[in-house]
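The file coords_20.tsv contains TSV, C-alpha atoms:
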chain	number	residue	atom	x	y	z
A	1	MET	CA	0.00	0.00	0.00
A	2	ALA	CA	1.34	3.40	-0.98
A	3	VAL	CA	1.89	5.72	1.95
A	4	ASP	CA	-0.33	8.78	1.84
A	5	TYR	CA	2.22	11.32	3.06
A	6	LYS	CA	-0.13	14.22	2.42
A	7	THR	CA	-2.78	12.84	4.80
A	8	LEU	CA	-0.12	12.10	7.37
A	9	LYS	CA	1.22	15.64	7.08
A	10	ASN	CA	-2.26	17.15	7.43
A	11	GLY	CA	-2.57	15.15	10.62
A	12	GLY	CA	0.67	16.57	11.94
A	13	PHE	CA	3.04	13.73	11.02
A	14	MET	CA	6.09	15.45	9.54
A	15	ARG	CA	8.32	13.27	7.38
A	16	GLN	CA	11.87	13.04	8.72
A	17	VAL	CA	15.23	12.63	7.02
A	18	GLN	CA	15.22	9.10	8.46
A	19	LYS	CA	13.00	6.88	6.30
A	20	ASN	CA	9.67	5.81	7.86
A	21	ASN	CA	10.18	8.12	10.83
A	22	PHE	CA	7.88	11.05	11.54
A	23	SER	CA	8.08	14.02	13.83
A	24	LEU	CA	4.57	14.15	15.27
A	25	ARG	CA	3.23	17.69	15.65
A	26	LEU	CA	0.79	18.19	18.52
A	27	LYS	CA	-2.01	20.65	18.94
A	28	VAL	CA	-1.09	23.43	21.37
A	29	VAL	CA	-3.12	26.62	21.83
A	30	GLY	CA	-1.52	29.76	23.19
A	31	GLY	CA	1.54	27.84	24.35
A	32	ASN	CA	-0.31	26.19	27.22
A	33	LEU	CA	-0.32	22.50	28.10
A	34	THR	CA	-1.38	20.88	31.36
A	35	ALA	CA	1.09	18.90	33.42
A	36	SER	CA	-0.95	15.75	32.64
A	37	GLN	CA	-0.68	16.39	28.92
A	38	LEU	CA	3.08	16.81	29.26
A	39	LEU	CA	3.29	13.48	31.09
A	40	ALA	CA	1.29	11.77	28.32
A	41	ILE	CA	3.62	13.33	25.71
A	42	ALA	CA	6.67	12.18	27.68
A	43	ASP	CA	5.30	8.62	27.87
A	44	ILE	CA	4.73	8.46	24.13
A	45	SER	CA	8.16	9.84	23.35
A	46	LYS	CA	9.76	7.18	25.54
A	47	LYS	CA	7.58	4.38	24.22
A	48	TYR	CA	7.37	5.19	20.49
A	49	GLY	CA	9.99	7.89	19.85
A	50	ASP	CA	13.60	8.17	20.92
A	51	GLY	CA	12.90	9.86	24.25
A	52	HIS	CA	13.31	13.48	23.18
A	53	ILE	CA	10.75	16.18	22.41
A	54	HIS	CA	11.14	19.24	20.21
A	55	LEU	CA	9.67	22.64	21.06
A	56	THR	CA	8.97	24.51	17.82
A	57	SER	CA	9.42	28.19	17.07
A	58	ARG	CA	5.65	28.76	17.31
A	59	GLN	CA	4.90	27.22	20.71
A	60	GLY	CA	4.33	23.82	19.17
A	61	VAL	CA	5.46	20.47	20.51
A	62	GLU	CA	6.69	17.65	18.28
A	63	ILE	CA	7.58	14.07	19.16
A	64	PRO	CA	10.25	12.95	16.68
A	65	PHE	CA	11.08	9.39	15.57
A	66	ILE	CA	7.54	8.03	15.52
A	67	LYS	CA	7.51	4.94	13.25
A	68	LEU	CA	5.02	4.68	10.40
A	69	ALA	CA	3.74	1.35	11.74
A	70	ASP	CA	2.88	2.92	15.11
A	71	VAL	CA	0.93	5.92	13.79
A	72	GLU	CA	-2.58	4.71	14.64
A	73	GLN	CA	-1.58	3.39	18.06
A	74	VAL	CA	0.21	6.66	18.91
A	75	LYS	CA	-2.82	8.71	17.86
A	76	ALA	CA	-5.10	6.63	20.10
A	77	GLU	CA	-2.78	6.88	23.08
A	78	LEU	CA	-2.39	10.63	22.63
A	79	GLU	CA	-6.14	11.06	22.53
A	80	ALA	CA	-6.50	9.00	25.71
A	81	GLY	CA	-3.94	11.36	27.31
A	82	GLY	CA	-5.95	14.44	26.31
A	83	VAL	CA	-3.58	15.47	23.53
A	84	ASN	CA	-4.55	16.11	19.92
A	85	THR	CA	-2.39	16.13	16.83
A	86	GLY	CA	-1.58	19.39	15.11
A	87	VAL	CA	-1.75	20.37	11.47
A	88	CYS	CA	0.53	21.35	8.65
A	89	GLY	CA	-0.13	22.38	5.06
A	90	PRO	CA	-2.42	25.04	3.61
A	91	ARG	CA	-4.65	25.84	6.57
A	92	VAL	CA	-4.93	27.82	9.78
A	93	ARG	CA	-2.04	26.82	12.03
A	94	THR	CA	-1.35	26.88	15.75
A	95	VAL	CA	-2.72	30.02	17.40
A	96	THR	CA	0.10	31.42	19.51
A	97	ALA	CA	-0.20	33.72	22.52
A	98	CYS	CA	1.81	35.23	25.33
A	99	GLN	CA	0.52	34.84	28.89
A	100	GLY	CA	-1.43	38.10	28.78
A	101	ASN	CA	-2.94	39.96	31.70
A	102	ALA	CA	-4.03	36.78	33.52
A	103	ILE	CA	-0.35	36.21	34.42
A	104	CYS	CA	1.82	39.10	33.20
A	105	PRO	CA	1.74	42.52	34.93
A	106	SER	CA	2.34	44.23	31.56
A	107	GLY	CA	-0.59	42.56	29.81
A	108	CYS	CA	-3.52	44.67	28.59
A	109	ILE	CA	-5.77	41.80	27.43
A	110	ASP	CA	-6.57	38.22	28.45
A	111	THR	CA	-4.80	36.41	25.62
A	112	TYR	CA	-5.40	32.72	26.36
A	113	PRO	CA	-9.22	32.66	26.20
A	114	LEU	CA	-8.97	34.70	22.99
A	115	ALA	CA	-6.45	32.21	21.54
A	116	VAL	CA	-8.86	29.37	22.42
A	117	GLU	CA	-11.77	31.20	20.75
A	118	ILE	CA	-9.75	31.94	17.60
A	119	SER	CA	-8.49	28.36	17.52
A	120	GLU	CA	-11.97	26.90	17.95
A	121	ARG	CA	-13.25	29.10	15.17
A	122	TYR	CA	-10.44	28.72	12.61
A	123	PHE	CA	-7.86	26.03	13.52
A	124	GLY	CA	-7.30	23.67	10.58
A	125	LYS	CA	-9.51	25.69	8.22
A	126	GLU	CA	-8.39	25.02	4.66
A	127	LEU	CA	-7.02	28.00	2.74
A	128	PRO	CA	-4.78	28.64	-0.29
A	129	HIS	CA	-1.70	28.51	1.98
A	130	LYS	CA	-0.75	28.42	5.64
A	131	PHE	CA	-2.27	31.10	7.87
A	132	LYS	CA	-0.90	32.07	11.27
A	133	PHE	CA	-2.57	33.93	14.11
A	134	GLY	CA	-0.52	35.33	16.98
A	135	ILE	CA	-1.78	37.18	20.04
A	136	THR	CA	0.39	39.41	22.19
A	137	GLY	CA	-0.86	41.08	25.35
A	138	CYS	CA	0.79	44.50	25.05
A	139	ALA	CA	3.23	46.76	23.23
A	140	ASN	CA	6.19	44.80	24.61
A	141	ASN	CA	5.18	42.36	21.87
A	142	CYS	CA	6.77	39.23	23.38
A	143	LEU	CA	4.67	37.23	20.94
A	144	LYS	CA	5.80	39.23	17.86
A	145	ALA	CA	2.29	39.95	16.51
A	146	GLU	CA	3.50	41.50	13.24
A	147	GLU	CA	5.26	38.26	12.19
A	148	ASN	CA	1.87	36.65	11.77
A	149	ASP	CA	-0.60	36.65	8.88
A	150	LEU	CA	-3.02	38.14	11.39
A	151	GLY	CA	-1.52	39.56	14.56
A	152	VAL	CA	-3.51	40.72	17.57
A	153	LYS	CA	-1.91	43.10	20.06
A	154	GLY	CA	-3.52	44.21	23.30
A	155	GLY	CA	-3.53	47.90	24.08
A	156	TYR	CA	-5.24	50.56	26.16
A	157	THR	CA	-7.00	53.65	24.91
A	158	ILE	CA	-6.27	56.17	27.61
A	159	GLU	CA	-8.02	59.12	29.14
A	160	LEU	CA	-6.95	61.46	31.94
A	161	VAL	CA	-9.24	61.74	34.96
A	162	LYS	CA	-8.15	65.24	35.96
A	163	GLU	CA	-9.76	65.27	39.41
A	164	ASN	CA	-7.61	62.29	40.51
A	165	CYS	CA	-4.32	63.74	39.21
A	166	THR	CA	-1.88	65.12	41.76
A	167	LEU	CA	0.72	66.13	39.13
A	168	CYS	CA	3.17	63.66	40.68
A	169	GLY	CA	4.79	63.14	37.29
A	170	VAL	CA	5.13	59.35	37.45
A	171	CYS	CA	3.28	58.91	34.13
A	172	VAL	CA	5.53	61.42	32.35
A	173	LYS	CA	8.47	59.17	33.19
A	174	ALA	CA	6.61	55.87	32.69
A	175	CYS	CA	5.65	56.80	29.12
A	176	ARG	CA	8.39	55.68	26.74
A	177	GLU	CA	6.90	57.44	23.73
A	178	GLY	CA	7.16	60.98	25.08
A	179	ALA	CA	3.38	61.32	24.67
A	180	ILE	CA	2.77	62.77	28.15
A	181	ALA	CA	4.11	66.09	29.34
A	182	LYS	CA	3.72	68.19	32.45
A	183	ILE	CA	3.11	71.84	31.64
A	184	ASP	CA	2.32	74.58	34.16
A	185	ASN	CA	-0.33	72.97	36.29
A	186	GLY	CA	-1.51	70.21	34.06
A	187	ILE	CA	-0.72	66.92	32.35
A	188	VAL	CA	-1.13	66.90	28.58
A	189	LEU	CA	-1.33	63.95	26.23
A	190	ASP	CA	-0.20	63.96	22.62
A	191	LYS	CA	-2.48	61.25	21.25
A	192	SER	CA	-0.50	61.02	18.01
A	193	LYS	CA	2.48	59.69	20.00
A	194	CYS	CA	0.53	57.25	22.20
A	195	ASN	CA	1.19	53.58	21.30
A	196	ASN	CA	-1.53	52.24	23.66
A	197	CYS	CA	1.03	50.44	25.83
A	198	GLY	CA	-0.88	51.32	29.02
A	199	ARG	CA	2.23	52.08	31.11
A	200	CYS	CA	0.69	55.34	32.33
A	201	VAL	CA	-2.45	53.54	33.51
A	202	LYS	CA	-0.47	50.81	35.24
A	203	SER	CA	2.00	53.17	36.91
A	204	CYS	CA	-0.32	55.98	38.05
A	205	PRO	CA	-0.53	55.84	41.85
A	206	PHE	CA	-3.84	57.73	41.89
A	207	ASP	CA	-5.86	56.03	39.14
A	208	ALA	CA	-5.82	59.27	37.19
A	209	TRP	CA	-5.38	57.46	33.88
A	210	LYS	CA	-8.32	55.38	32.74
A	211	GLY	CA	-7.50	52.67	30.21
A	212	GLU	CA	-9.97	50.86	27.98
A	213	PRO	CA	-8.54	47.58	26.65
A	214	GLY	CA	-8.68	46.80	22.96
A	215	TYR	CA	-7.16	44.85	20.07
A	216	ILE	CA	-4.71	46.28	17.54
A	217	LEU	CA	-4.64	44.12	14.41
A	218	SER	CA	-1.82	43.66	11.92
A	219	PHE	CA	-2.23	41.99	8.54
A	220	GLY	CA	0.13	40.17	6.21
A	221	GLY	CA	3.16	39.47	8.38
A	222	LEU	CA	5.74	36.99	7.07
A	223	PHE	CA	8.87	35.70	8.70
A	224	GLY	CA	10.10	32.85	6.54
A	225	ASN	CA	11.49	32.76	3.03
A	226	GLN	CA	10.25	36.29	2.73
A	227	ILE	CA	10.12	38.76	5.56
A	228	ALA	CA	7.46	41.44	5.90
A	229	ARG	CA	5.98	43.25	8.83
A	230	GLY	CA	2.22	42.99	9.30
A	231	GLU	CA	0.48	46.28	8.54
A	232	GLN	CA	-1.70	48.15	11.03
A	233	PHE	CA	-4.32	50.48	9.59
A	234	LEU	CA	-7.56	49.92	11.49
A	235	PRO	CA	-8.40	51.81	14.68
A	236	ILE	CA	-8.06	49.86	17.92
A	237	ILE	CA	-10.94	47.35	18.20
A	238	ARG	CA	-12.90	47.31	21.44
A	239	ASP	CA	-14.99	44.14	21.25
A	240	LYS	CA	-14.61	40.53	20.15
A	241	GLU	CA	-17.58	40.75	17.81
A	242	THR	CA	-15.79	43.34	15.66
A	243	LEU	CA	-12.53	41.42	15.96
A	244	PHE	CA	-14.12	38.25	14.58
A	245	ARG	CA	-15.98	40.15	11.87
A	246	VAL	CA	-12.66	41.56	10.62
A	247	ALA	CA	-10.86	38.20	10.98
A	248	ASP	CA	-13.65	36.47	9.02
A	249	ALA	CA	-13.33	39.10	6.29
A	250	ALA	CA	-9.52	38.74	6.18
A	251	LEU	CA	-9.76	34.96	5.74
A	252	ALA	CA	-12.52	35.38	3.13
A	253	PHE	CA	-10.31	37.84	1.21
A	254	PHE	CA	-7.40	35.37	1.35
A	255	ASP	CA	-9.58	32.48	0.22
A	256	LYS	CA	-11.05	34.48	-2.64
A	257	HIS	CA	-7.98	36.26	-3.99
A	258	ALA	CA	-4.93	34.10	-3.27
A	259	LYS	CA	-3.56	31.64	-5.79
A	260	PRO	CA	-2.80	28.15	-4.48
A	261	SER	CA	0.38	28.22	-2.36
A	262	GLU	CA	0.42	31.99	-2.20
A	263	ARG	CA	0.82	33.56	1.23
A	264	PHE	CA	-1.65	36.15	2.51
A	265	ARG	CA	0.89	38.98	2.19
A	266	ILE	CA	1.72	38.17	-1.41
A	267	ALA	CA	-1.97	37.91	-2.28
A	268	ILE	CA	-2.63	41.35	-0.78
A	269	ASP	CA	0.42	42.85	-2.52
A	270	ARG	CA	-0.81	41.46	-5.86
A	271	THR	CA	-4.49	42.34	-5.37
A	272	GLY	CA	-3.72	45.77	-3.98
A	273	TRP	CA	-3.66	47.11	-0.44
A	274	ASP	CA	-6.30	49.73	-1.16
A	275	ALA	CA	-8.90	47.10	-2.04
A	276	PHE	CA	-7.90	45.00	0.97
A	277	LYS	CA	-8.04	47.93	3.38
A	278	THR	CA	-11.45	48.91	2.05
A	279	GLU	CA	-12.80	45.41	2.71
A	280	MET	CA	-11.34	45.38	6.24
A	281	GLU	CA	-12.78	48.82	6.97
A	282	VAL	CA	-16.21	47.69	5.81
A	283	ALA	CA	-15.98	44.68	8.15
A	284	TYR	CA	-14.72	46.90	10.97
A	285	HIS	CA	-17.74	49.19	10.67
A	286	GLY	CA	-20.07	46.21	10.35
B	1	MET	CA	3.67	72.82	51.12
B	2	ASP	CA	4.16	69.05	51.34
B	3	ASP	CA	1.77	67.49	53.83
B	4	PHE	CA	4.02	64.64	54.85
B	5	ALA	CA	7.14	64.09	56.94
B	6	ILE	CA	9.84	61.69	55.75
B	7	ASP	CA	10.69	59.00	58.31
B	8	GLU	CA	13.42	57.16	56.41
B	9	ASN	CA	15.57	57.51	53.30
B	10	THR	CA	17.00	54.91	50.94
B	11	ASP	CA	19.19	55.30	47.89
B	12	ILE	CA	18.80	52.78	45.08
B	13	THR	CA	20.94	54.62	42.53
B	14	ASP	CA	23.80	52.18	43.24
B	15	VAL	CA	21.92	49.10	42.01
B	16	VAL	CA	20.24	47.98	38.75
B	17	CYS	CA	17.01	46.16	37.93
B	18	PRO	CA	15.81	43.91	39.54
B	19	MET	CA	17.80	44.89	42.65
B	20	THR	CA	16.33	48.42	42.52
B	21	PHE	CA	12.91	47.10	43.47
B	22	VAL	CA	14.32	44.57	45.96
B	23	LYS	CA	16.28	47.26	47.79
B	24	ALA	CA	13.23	49.55	47.93
B	25	LYS	CA	11.03	46.68	49.12
B	26	VAL	CA	13.46	45.75	51.90
B	27	ALA	CA	13.59	49.40	53.05
B	28	LEU	CA	9.79	49.52	53.13
B	29	GLU	CA	9.59	46.29	55.11
B	30	GLU	CA	11.61	47.90	57.90
B	31	LEU	CA	9.05	50.69	58.31
B	32	GLU	CA	5.88	50.72	60.39
B	33	ASP	CA	2.50	51.00	58.72
B	34	GLY	CA	1.87	54.65	57.76
B	35	GLN	CA	5.52	55.73	57.87
B	36	VAL	CA	6.98	57.56	54.87
B	37	LEU	CA	10.05	56.51	52.89
B	38	SER	CA	11.98	58.65	50.43
B	39	ILE	CA	13.63	56.55	47.71
B	40	ARG	CA	16.35	58.14	45.58
B	41	LEU	CA	16.37	56.54	42.15
B	42	ASN	CA	17.94	57.06	38.76
B	43	ASP	CA	16.33	58.41	35.62
B	44	GLY	CA	15.59	55.85	32.92
B	45	GLU	CA	14.41	52.37	33.77
B	46	PRO	CA	14.27	52.80	37.57
B	47	VAL	CA	11.94	55.82	37.41
B	48	GLN	CA	9.86	54.12	34.69
B	49	ASN	CA	9.35	50.89	36.60
B	50	VAL	CA	9.93	51.22	40.36
B	51	PRO	CA	6.89	53.46	41.07
B	52	ARG	CA	4.63	50.91	39.38
B	53	SER	CA	6.15	47.96	41.25
B	54	ILE	CA	5.65	49.78	44.56
B	55	LYS	CA	2.05	50.60	43.60
B	56	ASP	CA	1.47	46.92	42.73
B	57	GLU	CA	2.75	46.00	46.24
B	58	GLY	CA	-0.08	48.09	47.66
B	59	HIS	CA	1.90	51.03	49.04
B	60	ARG	CA	0.82	54.62	48.49
B	61	ILE	CA	2.97	56.90	46.36
B	62	LEU	CA	2.78	60.50	47.57
B	63	LYS	CA	5.13	62.27	45.24
B	64	LEU	CA	7.86	62.03	42.64
B	65	ALA	CA	10.35	64.86	42.98
B	66	ASP	CA	12.87	65.66	40.24
B	67	ASN	CA	16.26	66.39	41.82
B	68	GLU	CA	17.43	67.77	38.46
B	69	ASP	CA	20.69	65.82	38.70
B	70	GLY	CA	19.50	62.72	36.86
B	71	THR	CA	17.88	61.34	39.99
B	72	TYR	CA	14.41	61.46	41.51
B	73	ASN	CA	13.03	61.10	45.01
B	74	LEU	CA	9.99	58.87	45.20
B	75	ILE	CA	8.02	59.48	48.37
B	76	VAL	CA	6.10	56.39	49.50
B	77	LYS	CA	3.77	55.79	52.43
B	78	LYS	CA	3.93	52.25	53.74
B	79	VAL	CA	0.66	50.35	53.59
B	80	LYS	CA	0.89	47.15	55.58
B	81	THR	CA	-0.05	44.21	53.38
B	82	LYS	CA	-2.11	41.46	54.92
Mind converting the file's structure to structure tokens?
Amino acid sequence: MAVDYKTLKNGGFMRQVQKNNFSLRLKVVGGNLTASQLLAIADISKKYGDGHIHLTSRQGVEIPFIKLADVEQVKAELEAGGVNTGVCGPRVRTVTACQGNAICPSGCIDTYPLAVEISERYFGKELPHKFKFGITGCANNCLKAEENDLGVKGGYTIELVKENCTLCGVCVKACREGAIAKIDNGIVLDKSKCNNCGRCVKSCPFDAWKGEPGYILSFGGLFGNQIARGEQFLPIIRDKETLFRVADAALAFFDKHAKPSERFRIAIDRTGWDAFKTEMEVAYHG
Amino acid sequence: MDDFAIDENTDITDVVCPMTFVKAKVALEELEDGQVLSIRLNDGEPVQNVPRSIKDEGHRILKLADNEDGTYNLIVKKVKTK
């Protein structure tokens, strides 16, 4: 029987240099696994692999040296251990995320539940080429949002609550963009310089900066054979409904306009950014 | 015009992150609830980050004074954490 490598690859079995050996890609969302899942993965690596595990560049986990003959048995044992196989090929890949505001003091948004929602909605969806989502909690950008086909970055839209301000000046120093200045007897904000990092909100001892969390999207990032930074052009998005409306529209645009094996960025470049931006703006406004 | 009296002083300009915060935290631990500490810190990363870390610990920041020599004095009132 001929081996269907394509089906194996779709199911996360990556062909190795060593004949009949596969590096098994697992499903991981937002870089989180439970301790029990890790134990199950360790067991399978020892039993069916060579006892080592590879952590990929996008928060994935692979178990190398799985033998072709063991594929079905390994899949069943993984499933029993609460672990699913990942995907490869022309479809929506692992949704990556930093720890976000549930863990990290710098975070502006709760990244993991959003990664789960995005993954549930799109993971494995077939498209002209691979499509990567990445979610980062704040301007520190630990998750490198703009490397992704669709990057999500948490940010705050800020507003000064004058009656709480004591002119202590902490925010003027906390702001790294030079957007806040102290003049005479007041604090002034240059909104054109604000990058929504939220440092003023987080550092103000008197709650004089109010921050509304939101999502800053970037489109068309690439960091492989070609390198391009994802473009930001929409205003900060305040609610998940709008976020998903725009994400749906971005995937629909990709599906409609890209040639087979053409990345999102290349498809936008060829089709024209003006047309793409118009479609995203329509989706943004609902 | 300042409506507080400083009980203790500490200088964290001789250390770098993360020891800046550790040194300030240790100095605060030696105070009684309600006492006021003046922390001398450097411009740059210390003044960007230390006030926020102290706020996150639950203490009350009263003032940030620019010494105009590349250092600041951060005036903090100790709030005893449960």
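Near chain B, within 6 Å and using all atoms listed in the file, the residues of chain A are Cys168, Lys173, Ala174, Ser203 and Pro205 of chain A.
In this model, the gap between CA of Asp190 in chain A and CA of Thr157 in chain A comes to 12.6 Å.
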Checklist entry - Given the choices A:Ile63, A:Glu126, A:Ser57, A:His257, which gets closest to Phe223 in chain A if the distance is worked out from all atoms listed in the file? => result A:Ser57
Item to check | Polymer residues at most 12 Å from Phe276 in chain A, all atoms listed in the file, same-chain spacing of 2 or more positions, as JSON, numbers by chain | outcome: {"A": [219, 220, 231, 233, 234, 246, 249, 250, 251, 252, 253, 254, 256, 257, 264, 265, 267, 268, 269, 270, 271, 272, 273, 274, 278, 279, 280, 281, 282, 283]}
Report, as AutoDock Vina command-line options, the centre and edge lengths in Å (one decimal) of the axis-aligned box enclosing every listed atom of range 5-20 of chain B, padded by 6 Å on each side.
--center_x 15.5 --center_y 54.0 --center_z 48.1 --size_x 28.7 --size_y 32.2 --size_z 32.4
Next on the checklist: For a quick check of understanding, using all atoms listed in the file, which of A:Glu163, A:Val28, A:Asn196, A:Glu177 has the smallest distance to Glu120 in chain A?
Outcome noted: A:Val28
Item to check | Spatial neighbours of Pro64 in chain A, 6 Å, all atoms listed in the file, chain gap at least 3 places, as a VMD selection string | outcome: chain A and resid 22 to 24 49
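Taking CA of Pro90 in chain A and CA of Phe133 in chain A as endpoints, the distance between them is 13.8 Å.
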Next on the checklist: Taking 2 positions as the minimum chain separation for residues in the same chain, which residues sit within 8 Å of range 20-36 of chain B when counting all atoms listed in the file? Answer as a list in words.
Outcome noted: Phe4, Ala5, Ile6, Asp7, Glu8, Thr10, Ile12, Thr13, Val15, Val16, Cys17, Pro18, Ser38, Ile39, Pro46, Val50, Ser53, Ile54, Ile75, Val76, Lys77, Lys78, Val79 and Lys80 of chain B
Next on the checklist: I'd like the contact shell of Gly51 in chain A - 9 Å cut-off, only C-alpha atoms, skipping same-chain residues fewer than 4 positions apart - returned as a list in words.
Outcome noted: Ala42, Asp43, Ile44, Ser45, Lys46, Lys47, Ile63, Pro64 and Phe65 of chain A
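One distance worth recording is that between CA of Glu241 in chain A and CA of Tyr112 in chain A, which is 16.9 Å.
Residues near the point (-5.4, 26.9, 12.3), at a distance of 10 Å or less over only C-alpha atoms, make up Lys27, Val29, Gly86, Val87, Cys88, Pro90, Arg91, Val92, Arg93, Thr94, Val95, Ile118, Ser119, Glu120, Arg121, Tyr122, Phe123, Gly124, Lys125, Glu126, Leu127, Lys130, Phe131, Lys132 and Phe133 of chain A.
Using only C-alpha atoms, the smallest distance between any of A:Arg15, A:Ala228, A:Glu146, A:Leu114 and Phe244 in chain A comes from A:Leu114.
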Next on the checklist: Using all atoms listed in the file for the distances, tell me which of A:Thr96, A:Ser36, A:Ser218, A:Thr111 is nearest to Lys277 in chain A.
Outcome noted: A:Ser218
Could range 249-261 of chain A be completed with N, CA and C atoms and written as a CSV table (one decimal), in the frame of the given file, please?
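Dumped to part36.csv:
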chain,number,residue,atom,x,y,z
A,249,ALA,N,-13.5,38.4,7.6
A,249,ALA,CA,-13.3,39.1,6.3
A,249,ALA,C,-11.9,38.9,5.7
A,250,ALA,N,-10.9,38.9,6.6
A,250,ALA,CA,-9.5,38.7,6.2
A,250,ALA,C,-9.3,37.3,5.6
A,251,LEU,N,-9.9,36.3,6.3
A,251,LEU,CA,-9.8,35.0,5.7
A,251,LEU,C,-10.5,34.8,4.4
A,252,ALA,N,-11.7,35.5,4.4
A,252,ALA,CA,-12.5,35.4,3.1
A,252,ALA,C,-11.8,36.0,2.0
A,253,PHE,N,-11.1,37.1,2.2
A,253,PHE,CA,-10.3,37.8,1.2
A,253,PHE,C,-9.2,36.9,0.7
A,254,PHE,N,-8.5,36.3,1.7
A,254,PHE,CA,-7.4,35.4,1.4
A,254,PHE,C,-7.9,34.2,0.5
A,255,ASP,N,-9.0,33.6,0.9
A,255,ASP,CA,-9.6,32.5,0.2
A,255,ASP,C,-10.0,32.9,-1.2
A,256,LYS,N,-10.5,34.1,-1.4
A,256,LYS,CA,-11.0,34.5,-2.6
A,256,LYS,C,-9.9,34.9,-3.6
A,257,HIS,N,-8.9,35.6,-3.1
A,257,HIS,CA,-8.0,36.3,-4.0
A,257,HIS,C,-6.6,35.5,-4.1
A,258,ALA,N,-6.3,34.7,-3.2
A,258,ALA,CA,-4.9,34.1,-3.3
A,258,ALA,C,-4.9,32.9,-4.3
A,259,LYS,N,-3.8,32.8,-5.0
A,259,LYS,CA,-3.6,31.6,-5.8
A,259,LYS,C,-3.1,30.5,-4.9
A,260,PRO,N,-3.3,29.3,-5.3
A,260,PRO,CA,-2.8,28.2,-4.5
A,260,PRO,C,-1.3,28.4,-4.1
A,261,SER,N,-1.0,28.1,-2.9
A,261,SER,CA,0.4,28.2,-2.4
A,261,SER,C,0.9,29.7,-2.4
